[in-house]
$ cat coords.cif   # mmCIF, C-alpha atoms
data_target
#
loop_
_atom_site.label_atom_id
_atom_site.label_comp_id
_atom_site.auth_asym_id
_atom_site.auth_seq_id
_atom_site.Cartn_x
_atom_site.Cartn_y
_atom_site.Cartn_z
CA MET O 1 7.94 -8.95 -16.89
CA LYS O 2 4.61 -10.51 -17.78
CA LYS O 3 1.61 -8.88 -19.46
CA SER O 4 -1.53 -8.94 -17.34
CA ILE O 5 -4.89 -7.20 -17.51
CA SER O 6 -7.47 -6.31 -14.89
CA TYR O 7 -10.92 -7.87 -14.91
CA TRP O 8 -12.19 -4.27 -14.66
CA SER O 9 -10.98 -3.61 -18.21
CA PHE O 10 -13.64 -5.89 -19.65
CA PRO O 11 -17.31 -5.15 -20.30
CA LYS O 12 -19.71 -7.22 -18.18
CA MET O 13 -18.82 -10.77 -19.17
CA GLU O 14 -18.45 -14.13 -17.49
CA LEU O 15 -14.99 -14.67 -16.07
CA ARG O 16 -14.24 -17.55 -18.41
CA ASP O 17 -15.00 -15.34 -21.42
CA CYS O 18 -12.73 -12.62 -20.03
CA MET O 19 -9.94 -15.15 -19.64
CA VAL O 20 -10.40 -16.44 -23.17
CA GLN O 21 -10.36 -12.97 -24.67
CA ALA O 22 -7.34 -11.92 -22.61
CA LYS O 23 -5.47 -14.99 -23.81
CA GLU O 24 -6.44 -14.35 -27.43
CA ALA O 25 -5.31 -10.72 -27.14
CA GLY O 26 -1.84 -11.77 -25.99
CA PHE O 27 -2.01 -11.46 -22.22
CA GLU O 28 -0.26 -13.99 -20.02
CA ALA O 29 -2.39 -13.30 -16.95
CA ILE O 30 -5.54 -11.69 -15.60
CA GLU O 31 -6.08 -9.89 -12.30
CA LEU O 32 -9.31 -10.98 -10.62
CA VAL O 33 -11.68 -8.84 -8.56
CA LEU O 34 -13.70 -9.47 -5.41
CA SER O 35 -17.05 -7.63 -5.43
CA GLU O 36 -20.30 -7.49 -3.50
CA GLU O 37 -21.84 -9.55 -6.29
CA GLY O 38 -20.35 -11.68 -9.03
CA GLU O 39 -18.18 -14.76 -9.36
CA ILE O 40 -15.87 -13.80 -6.48
CA THR O 41 -17.53 -12.36 -3.36
CA LEU O 42 -17.13 -12.35 0.40
CA LYS O 43 -19.25 -15.52 0.43
CA SER O 44 -17.02 -17.40 -2.00
CA THR O 45 -15.59 -20.72 -0.87
CA LYS O 46 -12.50 -22.82 -1.43
CA LYS O 47 -14.50 -24.91 -3.91
CA ASP O 48 -15.48 -21.77 -5.85
CA MET O 49 -11.85 -20.69 -6.15
CA GLU O 50 -10.72 -24.16 -7.17
CA GLU O 51 -13.25 -24.05 -10.00
CA ILE O 52 -11.92 -20.65 -11.17
CA LEU O 53 -8.36 -21.95 -10.96
CA LYS O 54 -9.40 -24.96 -13.03
CA VAL O 55 -10.89 -22.68 -15.69
CA SER O 56 -7.74 -20.56 -15.84
CA LYS O 57 -5.64 -23.66 -16.43
CA GLU O 58 -8.02 -24.87 -19.14
CA VAL O 59 -7.79 -21.49 -20.88
CA GLY O 60 -4.04 -21.35 -20.38
CA ILE O 61 -3.85 -18.03 -18.54
CA GLU O 62 -2.31 -17.19 -15.17
CA ILE O 63 -3.97 -15.28 -12.32
CA SER O 64 -1.78 -12.31 -11.43
CA GLY O 65 -3.52 -10.95 -8.37
CA LEU O 66 -6.75 -10.26 -6.52
CA ALA O 67 -8.17 -6.73 -6.19
CA THR O 68 -11.40 -5.13 -4.95
CA ASP O 69 -13.15 -1.78 -5.00
CA LEU O 70 -14.82 -2.41 -1.62
CA PHE O 71 -12.23 -0.37 0.28
CA TRP O 72 -13.81 2.82 -1.06
CA GLU O 73 -16.95 1.87 0.87
CA TYR O 74 -15.25 0.12 3.77
CA SER O 75 -12.13 2.01 4.79
CA LEU O 76 -9.58 0.87 7.35
CA THR O 77 -9.41 4.45 8.59
CA SER O 78 -13.14 5.19 8.92
CA ASN O 79 -14.48 6.98 11.98
CA ASN O 80 -17.03 4.17 12.19
CA GLN O 81 -15.56 1.20 14.03
CA GLU O 82 -17.94 -1.23 12.34
CA ILE O 83 -16.68 -0.08 8.94
CA GLN O 84 -13.09 -0.48 10.13
CA LYS O 85 -13.91 -4.01 11.24
CA LYS O 86 -15.55 -4.78 7.90
CA ALA O 87 -12.48 -3.53 6.02
CA LYS O 88 -10.23 -5.87 7.98
CA GLU O 89 -12.60 -8.74 7.33
CA ILE O 90 -12.39 -8.01 3.61
CA ILE O 91 -8.60 -8.15 3.71
CA LYS O 92 -8.61 -11.44 5.61
CA LYS O 93 -11.14 -12.95 3.20
CA MET O 94 -9.07 -11.80 0.21
CA LEU O 95 -5.99 -13.43 1.71
CA GLU O 96 -7.90 -16.68 2.14
CA LEU O 97 -9.30 -16.66 -1.40
CA ALA O 98 -5.94 -15.69 -2.89
CA PHE O 99 -4.39 -18.67 -1.16
CA TYR O 100 -6.95 -20.98 -2.78
CA LEU O 101 -6.28 -19.33 -6.16
CA HIS O 102 -2.50 -19.81 -5.77
CA VAL O 103 -2.15 -16.02 -5.93
CA ASP O 104 0.60 -14.50 -3.80
CA VAL O 105 -0.44 -10.80 -3.72
CA ILE O 106 -3.70 -8.97 -2.99
CA LEU O 107 -4.40 -5.28 -3.59
CA VAL O 108 -5.36 -3.19 -0.56
CA VAL O 109 -6.25 0.49 -0.26
CA PRO O 110 -4.67 1.36 3.12
CA GLY O 111 -7.31 3.88 4.14
CA ILE O 112 -8.73 7.26 3.27
CA VAL O 113 -8.04 10.79 4.49
CA GLY O 114 -10.39 12.22 1.88
CA VAL O 115 -11.65 11.61 -1.66
CA SER O 116 -12.20 14.48 -4.08
CA PHE O 117 -13.91 12.44 -6.80
CA LYS O 118 -16.49 10.73 -4.57
CA GLU O 119 -19.26 12.67 -2.89
CA ASP O 120 -20.19 12.26 0.77
CA THR O 121 -16.90 10.58 1.70
CA GLU O 122 -15.90 11.32 5.28
CA VAL O 123 -12.71 13.27 5.97
CA VAL O 124 -10.36 11.74 8.53
CA PRO O 125 -7.46 13.66 10.13
CA TYR O 126 -4.21 12.54 8.53
CA ASP O 127 -2.48 11.51 11.76
CA VAL O 128 -5.55 9.58 12.89
CA ALA O 129 -5.77 7.80 9.54
CA TYR O 130 -2.08 6.91 9.74
CA LYS O 131 -2.45 5.35 13.18
CA ARG O 132 -5.58 3.39 12.25
CA ALA O 133 -4.13 2.12 8.98
CA PHE O 134 -0.88 1.10 10.61
CA GLU O 135 -2.55 -0.83 13.42
CA ALA O 136 -5.04 -2.52 11.08
CA LEU O 137 -2.43 -3.61 8.57
CA ARG O 138 -0.09 -4.87 11.25
CA GLU O 139 -2.97 -7.01 12.51
CA CYS O 140 -3.77 -8.26 9.02
CA ALA O 141 -0.09 -8.97 8.37
CA LYS O 142 -0.29 -11.87 10.82
CA VAL O 143 -3.02 -13.44 8.67
CA ALA O 144 -0.99 -12.74 5.52
CA GLU O 145 1.97 -14.53 7.06
CA ARG O 146 -0.21 -17.56 7.81
CA TYR O 147 -1.41 -17.78 4.20
CA ARG O 148 1.93 -16.64 2.76
CA VAL O 149 0.11 -14.09 0.64
CA THR O 150 1.40 -10.51 0.47
CA ILE O 151 -0.75 -7.46 1.20
CA GLY O 152 0.06 -5.02 -1.60
CA ILE O 153 -0.65 -1.45 -0.47
CA GLU O 154 -1.68 0.63 -3.48
CA ASN O 155 -0.99 4.32 -3.99
CA VAL O 156 -4.41 5.77 -4.85
CA TRP O 157 -6.19 9.13 -4.79
CA ASN O 158 -7.00 8.92 -1.08
CA LYS O 159 -4.95 11.95 0.09
CA PHE O 160 -2.86 9.53 2.17
CA LEU O 161 0.72 8.24 1.92
CA LEU O 162 1.41 10.96 -0.59
CA SER O 163 5.12 10.47 -1.23
CA PRO O 164 7.33 7.48 -2.00
CA LEU O 165 9.37 8.20 1.12
CA GLU O 166 6.29 8.04 3.31
CA MET O 167 5.02 4.88 1.60
CA ARG O 168 8.44 3.25 1.98
CA ASP O 169 8.69 4.08 5.68
CA PHE O 170 5.09 3.05 6.37
CA VAL O 171 5.69 -0.39 4.87
CA ASP O 172 9.01 -0.79 6.68
CA LYS O 173 7.50 0.10 10.06
CA ILE O 174 4.89 -2.63 9.73
CA GLY O 175 7.86 -4.95 9.57
CA SER O 176 6.43 -7.93 7.73
CA ARG O 177 7.80 -9.56 4.59
CA TYR O 178 4.15 -10.10 3.65
CA VAL O 179 3.34 -6.40 3.40
CA GLY O 180 4.59 -4.55 0.33
CA CYS O 181 3.49 -2.15 -2.38
CA TYR O 182 1.09 -2.50 -5.28
CA PHE O 183 2.43 0.36 -7.35
CA ASP O 184 0.15 2.21 -9.79
CA VAL O 185 1.97 4.23 -12.46
CA GLY O 186 -0.98 6.40 -13.52
CA ASN O 187 -2.05 7.33 -10.00
CA VAL O 188 1.27 9.11 -9.40
CA LEU O 189 1.35 11.33 -12.48
CA LEU O 190 -0.73 14.21 -11.13
CA THR O 191 1.69 14.93 -8.28
CA GLY O 192 4.93 13.10 -9.03
CA TYR O 193 7.10 10.90 -11.21
CA PRO O 194 6.48 7.15 -11.27
CA GLU O 195 10.09 6.32 -12.09
CA GLN O 196 11.17 8.09 -8.88
CA TRP O 197 8.61 6.15 -6.83
CA ILE O 198 9.84 2.90 -8.36
CA ARG O 199 13.47 3.52 -7.50
CA ILE O 200 12.65 4.60 -3.94
CA LEU O 201 10.24 1.74 -3.20
CA GLY O 202 12.55 -0.79 -4.82
CA GLU O 203 12.02 -4.41 -3.84
CA ARG O 204 8.96 -3.45 -1.79
CA ILE O 205 7.03 -3.34 -5.08
CA LYS O 206 5.25 -6.68 -5.46
CA ARG O 207 2.87 -5.82 -8.31
CA VAL O 208 2.49 -2.98 -10.81
CA HIS O 209 -0.64 -1.42 -12.31
CA LEU O 210 -0.28 0.31 -15.66
CA LYS O 211 -2.49 3.33 -16.34
CA ASP O 212 -1.81 6.56 -18.19
CA PHE O 213 -2.95 10.05 -17.29
CA LYS O 214 -3.24 13.46 -18.99
CA ILE O 215 -1.84 15.96 -16.52
CA SER O 216 -3.42 18.93 -18.33
CA ILE O 217 -6.90 17.61 -17.46
CA GLY O 218 -5.93 17.22 -13.83
CA ASN O 219 -8.93 15.27 -12.54
CA ILE O 220 -10.31 11.74 -12.72
CA ASN O 221 -11.26 12.33 -16.37
CA GLY O 222 -7.56 12.51 -17.19
CA PHE O 223 -7.09 8.74 -17.02
CA CYS O 224 -6.66 7.32 -20.51
CA ASN O 225 -5.36 4.41 -22.51
CA LEU O 226 -1.67 3.56 -22.43
CA LEU O 227 0.55 5.82 -24.59
CA GLU O 228 -2.15 8.51 -24.69
CA GLY O 229 -1.09 10.32 -21.52
CA ASP O 230 2.03 11.79 -19.94
CA ALA O 231 3.73 8.72 -18.47
CA ASN O 232 7.37 8.48 -19.50
CA TRP O 233 7.22 4.76 -20.25
CA LYS O 234 10.88 4.45 -21.23
CA GLU O 235 11.89 5.75 -17.81
CA VAL O 236 9.26 3.61 -16.05
CA ILE O 237 10.52 0.40 -17.65
CA LYS O 238 14.12 1.44 -17.09
CA ALA O 239 13.43 1.97 -13.39
CA LEU O 240 11.62 -1.36 -13.07
CA LYS O 241 14.60 -3.12 -14.63
CA GLU O 242 16.95 -1.30 -12.27
CA ILE O 243 15.13 -2.66 -9.22
CA LYS O 244 15.02 -6.09 -10.93
CA TYR O 245 11.24 -6.23 -10.99
CA ASP O 246 10.26 -9.29 -13.00
CA SER O 247 6.63 -9.96 -12.13
CA TYR O 248 3.28 -8.92 -13.64
CA LEU O 249 2.46 -5.59 -15.25
CA THR O 250 -1.33 -5.32 -15.05
CA ALA O 251 -3.19 -2.87 -17.25
CA GLU O 252 -6.12 -1.38 -15.34
CA ILE O 253 -8.15 0.65 -17.83
CA VAL O 254 -11.92 1.14 -17.85
CA PRO O 255 -13.63 0.30 -21.17
CA PRO O 256 -14.56 3.52 -23.05
CA TYR O 257 -16.02 1.95 -26.18
CA ARG O 258 -19.80 1.57 -26.40
CA GLN O 259 -20.18 -0.40 -29.62
CA TYR O 260 -17.04 -2.52 -29.53
CA PRO O 261 -15.78 -2.61 -25.92
CA GLN O 262 -13.67 -5.71 -26.57
CA ALA O 263 -11.51 -3.68 -28.98
CA LEU O 264 -9.94 -2.00 -25.96
CA ILE O 265 -8.40 -5.29 -24.82
CA TYR O 266 -6.49 -5.71 -28.08
CA ASN O 267 -5.42 -2.05 -28.10
CA ILE O 268 -4.09 -2.32 -24.54
CA SER O 269 -2.15 -5.44 -25.42
CA LYS O 270 -0.50 -3.84 -28.45
CA ASN O 271 0.34 -0.68 -26.49
CA MET O 272 1.93 -2.79 -23.76
CA ASP O 273 4.07 -4.45 -26.42
CA PHE O 274 5.38 -1.03 -27.45
CA ILE O 275 5.99 -0.08 -23.82
CA LEU O 276 7.94 -3.26 -23.17
#

$ encode --input "coords.cif" --output "structure tokens"
Amino acid sequence: MKKSISYWSFPKMELRDCMVQAKEAGFEAIELVLSEEGEITLKSTKKDMEEILKVSKEVGIEISGLATDLFWEYSLTSNNQEIQKKAKEIIKKMLELAFYLHVDVILVVPGIVGVSFKEDTEVVPYDVAYKRAFEALRECAKVAERYRVTIGIENVWNKFLLSPLEMRDFVDKIGSRYVGCYFDVGNVLLTGYPEQWIRILGERIKRVHLKDFKISIGNINGFCNLLEGDANWKEVIKALKEIKYDSYLTAEIVPPYRQYPQALIYNISKNMDFIL
């Protein structure tokens, strides 16, 4: 398994600088992010991605995946059809850009039933959300197959696909080898056991996010640095080895330090060494 870190774990820096620091801290790869503004956006071109790929090779760091936070604003399961359409367009654009970056997995939030930590988010009936998400992802799977880039469905706090059995069956029903799971360890801890999810999802897991979480806090403030929460990392790694997962482990931790935010990168790297 390879050590990777999310672009979100860095303070606001140019992508090249993030790559350099990640490399210096001992990471083998970095997960990139598509945003409304920045170095990777919905307006980015093949030439833009080729330049980023060139920089990564110059720095000597791999690109482990492509994520986005836009699905919290543009949900596949929204009651607004224009928002649904926008969400599908985002997925298709991510697949295109990932192809140019030589990245084989993108991160996708499959939809939202409700969000407790975000005000004014619409609530969608569970069965309606399921149908919309399924139809949208089956449509997008055809594009994924064309680019040979996998859509990695992430387990997030969206009150949807709440068990590993449901996630497993949802992926299997779509029926495409280019739709799998982007498993997040920390996101499971409030309601379940990540090692159980890993064993049940098995080879469907295409990428893994590492976060830790303090169950006693029980809300979004419970997310913390690796080894500071309640994840049973020995069991997590054991389960990953059992399913023969041998790809990237990407730390996704928001910088908490005000004076020395870069210190977090080195701390994450060392903690991942202990975990591994």

$ residues_around --input "coords.cif" --residues "Met49 (chain O)" --least-positions-apart "6" --cutoff "9 Å" --atoms "all atoms listed in the file" --output "ChimeraX atom specification"
/O:40,97-98,100-101

$ resolve_selection --input "coords.cif" --expression "the PyMOL selection byres ((chain O and resi 174) around 9)" --output "PDB file with C-alpha atoms, keeping the file's coordinate frame"
ATOM      1  CA  PHE O 134      -0.880   1.100  10.610  1.00  0.00           C
ATOM      2  CA  GLU O 135      -2.550  -0.830  13.420  1.00  0.00           C
ATOM      3  CA  LEU O 137      -2.430  -3.610   8.570  1.00  0.00           C
ATOM      4  CA  ARG O 138      -0.090  -4.870  11.250  1.00  0.00           C
ATOM      5  CA  ALA O 141      -0.090  -8.970   8.370  1.00  0.00           C
ATOM      6  CA  ASP O 169       8.690   4.080   5.680  1.00  0.00           C
ATOM      7  CA  PHE O 170       5.090   3.050   6.370  1.00  0.00           C
ATOM      8  CA  VAL O 171       5.690  -0.390   4.870  1.00  0.00           C
ATOM      9  CA  ASP O 172       9.010  -0.790   6.680  1.00  0.00           C
ATOM     10  CA  LYS O 173       7.500   0.100  10.060  1.00  0.00           C
ATOM     11  CA  GLY O 175       7.860  -4.950   9.570  1.00  0.00           C
ATOM     12  CA  SER O 176       6.430  -7.930   7.730  1.00  0.00           C
ATOM     13  CA  VAL O 179       3.340  -6.400   3.400  1.00  0.00           C
TER      14      VAL O 179
END

$ residues_around --input "coords.cif" --residues "region 254-256 of chain O" --least-positions-apart "2" --cutoff "8 Å" --atoms "all atoms listed in the file" --output "PyMOL selection string"
chain O and resi 8-11+252+258+261+264

$ write_last_selection --input "coords.cif" --atoms "C-alpha atoms" --output "mmCIF file, in the coordinates of the input"
data_model
loop_
_atom_site.group_PDB
_atom_site.id
_atom_site.type_symbol
_atom_site.label_atom_id
_atom_site.label_comp_id
_atom_site.auth_asym_id
_atom_site.auth_seq_id
_atom_site.Cartn_x
_atom_site.Cartn_y
_atom_site.Cartn_z
ATOM 1 C CA TRP O 8 -12.190 -4.270 -14.660
ATOM 2 C CA SER O 9 -10.980 -3.610 -18.210
ATOM 3 C CA PHE O 10 -13.640 -5.890 -19.650
ATOM 4 C CA PRO O 11 -17.310 -5.150 -20.300
ATOM 5 C CA GLU O 252 -6.120 -1.380 -15.340
ATOM 6 C CA ARG O 258 -19.800 1.570 -26.400
ATOM 7 C CA PRO O 261 -15.780 -2.610 -25.920
ATOM 8 C CA LEU O 264 -9.940 -2.000 -25.960
#

$ atom_distance --input "coords.cif" --atom1 "CA of Ala67 (chain O)" --atom2 "CA of Val33 (chain O)"
4.7 Å

$ closest_atom_pairs --input "coords.cif" --of "region 98-127 of chain O" --to "region 150-161 of chain O" --cutoff "6 Å" --atoms "only C-alpha atoms" --output "Markdown table"
| residue | atom | partner | partner_atom | distance |
| --- | --- | --- | --- | --- |
| O:Asp104 | CA | O:Thr150 | CA | 5.9 |
| O:Val105 | CA | O:Thr150 | CA | 4.6 |
| O:Ile106 | CA | O:Ile151 | CA | 5.3 |
| O:Leu107 | CA | O:Gly152 | CA | 4.9 |
| O:Val108 | CA | O:Ile153 | CA | 5.0 |
| O:Val109 | CA | O:Glu154 | CA | 5.6 |
| O:Ile112 | CA | O:Asn158 | CA | 5.0 |
| O:Val113 | CA | O:Lys159 | CA | 5.5 |
| O:Gly114 | CA | O:Asn158 | CA | 5.6 |
| O:Val115 | CA | O:Asn158 | CA | 5.4 |
